Every structure is written in C-alpha cells, then in structure tokens.
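Source file: entry-v4.txt. Holds: compact mmCIF, C-alpha atoms.
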```
# COMPACT_ATOMS: atom_id res chain seq x y z
CA MET A 709 16.85 12.72 -5.90
CA SER A 710 16.57 14.45 -2.53
CA LYS A 711 12.83 15.04 -3.09
CA PHE A 712 12.33 11.35 -3.91
CA ILE A 713 14.07 10.30 -0.68
CA GLU A 714 12.18 12.87 1.37
CA ASP A 715 8.81 11.84 -0.09
CA SER A 716 9.66 8.16 0.33
CA GLN A 717 10.44 8.71 4.01
CA PHE A 718 7.12 10.50 4.41
CA PHE A 719 5.35 7.71 2.49
CA PHE A 720 6.65 5.01 4.85
CA THR A 721 6.05 7.00 8.05
CA ASP A 722 3.41 9.74 8.31
CA PHE A 723 1.40 8.60 5.29
CA HIS A 724 0.84 5.22 6.98
CA LYS A 725 0.01 6.41 10.48
CA GLY A 726 -3.32 6.03 12.22
CA THR A 727 -5.01 3.05 13.82
CA VAL A 728 -7.62 2.52 11.09
CA ASN A 729 -5.00 2.71 8.34
CA ILE A 730 -2.71 0.25 10.14
CA LEU A 731 -5.56 -2.20 10.75
CA LEU A 732 -6.61 -2.04 7.10
CA HIS A 733 -3.01 -2.65 6.04
CA ILE A 734 -2.75 -5.69 8.35
CA ILE A 735 -5.96 -7.10 6.85
CA SER A 736 -4.78 -6.34 3.32
CA PHE A 737 -1.42 -8.04 3.86
CA ALA A 738 -3.12 -11.10 5.37
CA VAL A 739 -5.45 -11.38 2.36
CA MET A 740 -2.61 -10.74 -0.08
CA PHE A 741 -0.23 -13.27 1.51
CA TYR A 742 -2.99 -15.88 1.68
CA GLY A 743 -3.71 -15.25 -2.00
CA LEU A 744 -0.01 -15.57 -2.82
CA ALA A 745 0.23 -18.83 -0.88
CA ILE A 746 -2.74 -20.47 -2.62
CA LYS A 747 -2.00 -18.74 -5.95
CA ASP A 748 -5.30 -16.89 -6.13
CA THR A 749 -4.98 -13.76 -8.27
CA PHE A 750 -8.27 -12.30 -7.05
CA LEU A 751 -7.16 -12.37 -3.39
CA VAL A 752 -3.77 -10.87 -4.23
CA ILE A 753 -5.43 -7.98 -6.07
CA LEU A 754 -8.08 -7.60 -3.36
CA GLY A 755 -5.42 -7.40 -0.67
CA LEU A 756 -2.91 -5.26 -2.52
CA ALA A 757 -5.07 -2.89 -4.52
CA VAL A 758 -8.42 -2.69 -2.74
CA ILE A 759 -8.20 -3.13 1.04
CA ASP A 760 -4.78 -1.47 1.21
CA GLU A 761 -6.09 1.58 -0.64
CA PHE A 762 -9.01 1.94 1.76
CA GLY A 763 -6.39 2.73 4.42
CA HIS A 764 -4.85 5.42 2.24
CA LEU A 765 -8.26 6.87 1.38
CA TYR A 766 -9.25 6.90 5.04
CA ASN A 767 -6.09 8.81 5.91
CA TYR A 768 -6.57 11.26 3.05
CA PHE A 769 -10.26 12.02 3.66
CA ILE A 770 -10.50 11.64 7.45
CA LEU A 771 -7.11 11.90 9.13
CA PHE A 772 -5.48 14.52 6.88
CA LYS A 773 -8.77 16.19 5.88
CA ARG A 774 -7.95 16.29 2.15
CA ASP A 775 -4.68 18.16 2.57
CA PRO A 776 -3.15 18.08 -0.95
CA LYS A 777 0.33 17.29 0.34
CA TYR A 778 -0.97 13.90 1.51
CA GLY A 779 -3.05 12.96 -1.48
CA VAL A 780 -2.32 12.77 -5.16
CA ARG A 781 1.41 13.38 -4.83
CA MET A 782 1.73 10.00 -3.06
CA VAL A 783 0.12 8.00 -5.90
CA PRO A 784 3.37 7.55 -7.88
CA TYR A 785 5.09 6.28 -4.73
CA GLN A 786 2.25 3.86 -4.03
CA LEU A 787 2.47 2.50 -7.56
CA PHE A 788 6.27 2.33 -7.58
CA TYR A 789 6.61 0.51 -4.26
CA ALA A 790 3.60 -1.75 -4.90
CA VAL A 791 4.94 -2.90 -8.27
CA ILE A 792 8.43 -3.52 -6.87
CA GLY A 793 6.98 -5.33 -3.86
CA ILE A 794 4.59 -7.54 -5.80
CA ILE A 795 7.28 -8.54 -8.32
CA ILE A 796 9.52 -9.65 -5.45
CA LEU A 797 6.66 -11.45 -3.67
CA LEU A 798 5.53 -13.22 -6.84
CA LYS A 799 9.06 -14.52 -7.27
CA ILE A 800 9.32 -15.60 -3.61
CA PHE A 801 6.00 -17.45 -3.86
CA ASN A 802 7.07 -19.12 -7.14
CA TRP A 803 4.44 -17.56 -9.38
CA TYR A 804 6.99 -17.29 -12.17
```

Mind converting the file's structure to structure tokens?
Amino acid sequence: MSKFIEDSQFFFTDFHKGTVNILLHIISFAVMFYGLAIKDTFLVILGLAVIDEFGHLYNYFILFKRDPKYGVRMVPYQLFYAVIGIIILLKIFNWY
C-alpha cells in the first residue's frame, strides 16, 4: 500500500511537471469538458486519451529522457485514475 501511495504522489506531482505537459493537459481538459458538455464521445476520448497522453509521452521522451522509472510503471496509475475520473465526470454531466 505504501508503494501505491508513493507512486500516486509521484504521478500527481513530478510526472505532470513541465510547461509543455501542463499546456497539453489544459488543452486536453478543455476538449474533454467541452465534449462532456455537448455529449460528444469523440471529443471526450480525444481530450482524455489522445491529447492528454501527448503530454505524458513528451515528458517520457524529452523531459525524462526515457528513464524507466517515469515510463511504463506509470501506465497502471494513468488507467486507474482516468477510469475513476471519467466515471465521476460522466455522472456529473448526466451521461448515465
């Protein structure tokens, strides 16, 4: 459990640092929230799964220079928090 908490703290702090990554996340959230508001599945997926991941890829390949501790080990956390987040947002935006 301690490893999960430690990795989660890293995921929400260092893993999301960097100007390019933050800008891509802002764009992705704008696209995703617009898609949620107008109930457009394509925009939600584009914002959540495509643009958002460009920020993570940028950090992995450019900022962290492919350091393994920043890469693949974060994928389960990305999936876990994205699924939890989108379920909550879909409920808030009355998709179900």

Taking 6 positions as the minimum chain separation for residues in the same chain, which residues sit within 12 Å of Gly755 of chain A when counting only C-alpha atoms? Answer as an MDAnalysis selection string.
chainID A and resid 732:744 748:749 761:763 790 794

Expressed in Å to a single decimal, how great is the separation between atom CA of Lys747 of chain A and atom CA of Trp803 of chain A?
7.4 Å

What separation in Å, quoted to one decimal, exists between atom CA of Tyr785 of chain A and atom CA of Phe712 of chain A?
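Calculated distance between atom CA of Tyr785 of chain A and atom CA of Phe712 of chain A is 8.9 Å.
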
Atom CA of Met782 of chain A to atom CA of Ile800 of chain A, straight-line distance in Å
26.7 Å

Under the rule that all atoms listed in the file are counted, which of A:Val783, A:Val758, A:Ile795, A:Leu771 is the nearest residue to Asp715 of chain A?
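Residue with the minimum atom-to-atom distance to Asp715 of chain A: A:Val783.
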
Measuring atom to atom with all atoms listed in the file, identify which of A:Val752, A:Val780, A:Asn802, A:Lys711 is nearest to Leu765 of chain A.
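Between A:Val752, A:Val780, A:Asn802, A:Lys711, the residue approaching Leu765 of chain A most closely is A:Val780.
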
Would you mind telling me which residue in A:Ile746, A:Leu751, A:Leu731, A:Ile796 lies nearest to His764 of chain A when using all atoms listed in the file?
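Counting all atoms listed in the file, the residue closest to His764 of chain A is A:Leu731.
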
Using all atoms listed in the file: which of A:Ile753, A:Val791, A:Val728, A:Leu798 has the shortest distance to Ile770 of chain A
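Closest to Ile770 of chain A, using all atoms listed in the file: A:Val728.
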
Using only C-alpha atoms for the distances, tell me which of A:Leu787, A:Ile792, A:Ile713, A:Leu797 is nearest to Ala757 of chain A.
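Using only C-alpha atoms, Ala757 of chain A sits closest to A:Leu787.
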
Considering all atoms listed in the file, can you say which of A:Ala745, A:Gln786, A:Ser716, A:Asn729 comes closest to Ile759 of chain A?
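The closest residue to Ile759 of chain A is A:Asn729.
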
Is there a way to complete segment 728-740 of chain A with N, CA and C atoms and then write that out as a compact mmCIF listing (two decimals), in the coordinates of the input?
```txt
# COMPACT_ATOMS: atom_id res chain seq x y z
N VAL A 728 -6.77 3.10 12.14
CA VAL A 728 -7.62 2.52 11.09
C VAL A 728 -6.76 2.12 9.89
N ASN A 729 -5.87 2.99 9.48
CA ASN A 729 -5.00 2.71 8.34
C ASN A 729 -4.13 1.48 8.61
N ILE A 730 -3.56 1.40 9.79
CA ILE A 730 -2.71 0.25 10.14
C ILE A 730 -3.52 -1.04 10.16
N LEU A 731 -4.71 -1.00 10.74
CA LEU A 731 -5.56 -2.20 10.75
C LEU A 731 -5.94 -2.64 9.34
N LEU A 732 -6.28 -1.70 8.48
CA LEU A 732 -6.61 -2.04 7.10
C LEU A 732 -5.40 -2.61 6.37
N HIS A 733 -4.22 -2.11 6.66
CA HIS A 733 -3.01 -2.65 6.04
C HIS A 733 -2.73 -4.08 6.53
N ILE A 734 -2.94 -4.33 7.82
CA ILE A 734 -2.75 -5.69 8.35
C ILE A 734 -3.71 -6.65 7.66
N ILE A 735 -4.97 -6.25 7.54
CA ILE A 735 -5.96 -7.10 6.85
C ILE A 735 -5.56 -7.30 5.40
N SER A 736 -5.14 -6.23 4.74
CA SER A 736 -4.78 -6.34 3.32
C SER A 736 -3.58 -7.25 3.12
N PHE A 737 -2.58 -7.16 4.00
CA PHE A 737 -1.42 -8.04 3.86
C PHE A 737 -1.79 -9.49 4.13
N ALA A 738 -2.68 -9.72 5.09
CA ALA A 738 -3.12 -11.10 5.37
C ALA A 738 -3.82 -11.69 4.15
N VAL A 739 -4.73 -10.92 3.55
CA VAL A 739 -5.45 -11.38 2.36
C VAL A 739 -4.47 -11.59 1.20
N MET A 740 -3.57 -10.65 1.01
CA MET A 740 -2.61 -10.74 -0.08
C MET A 740 -1.69 -11.95 0.09
```
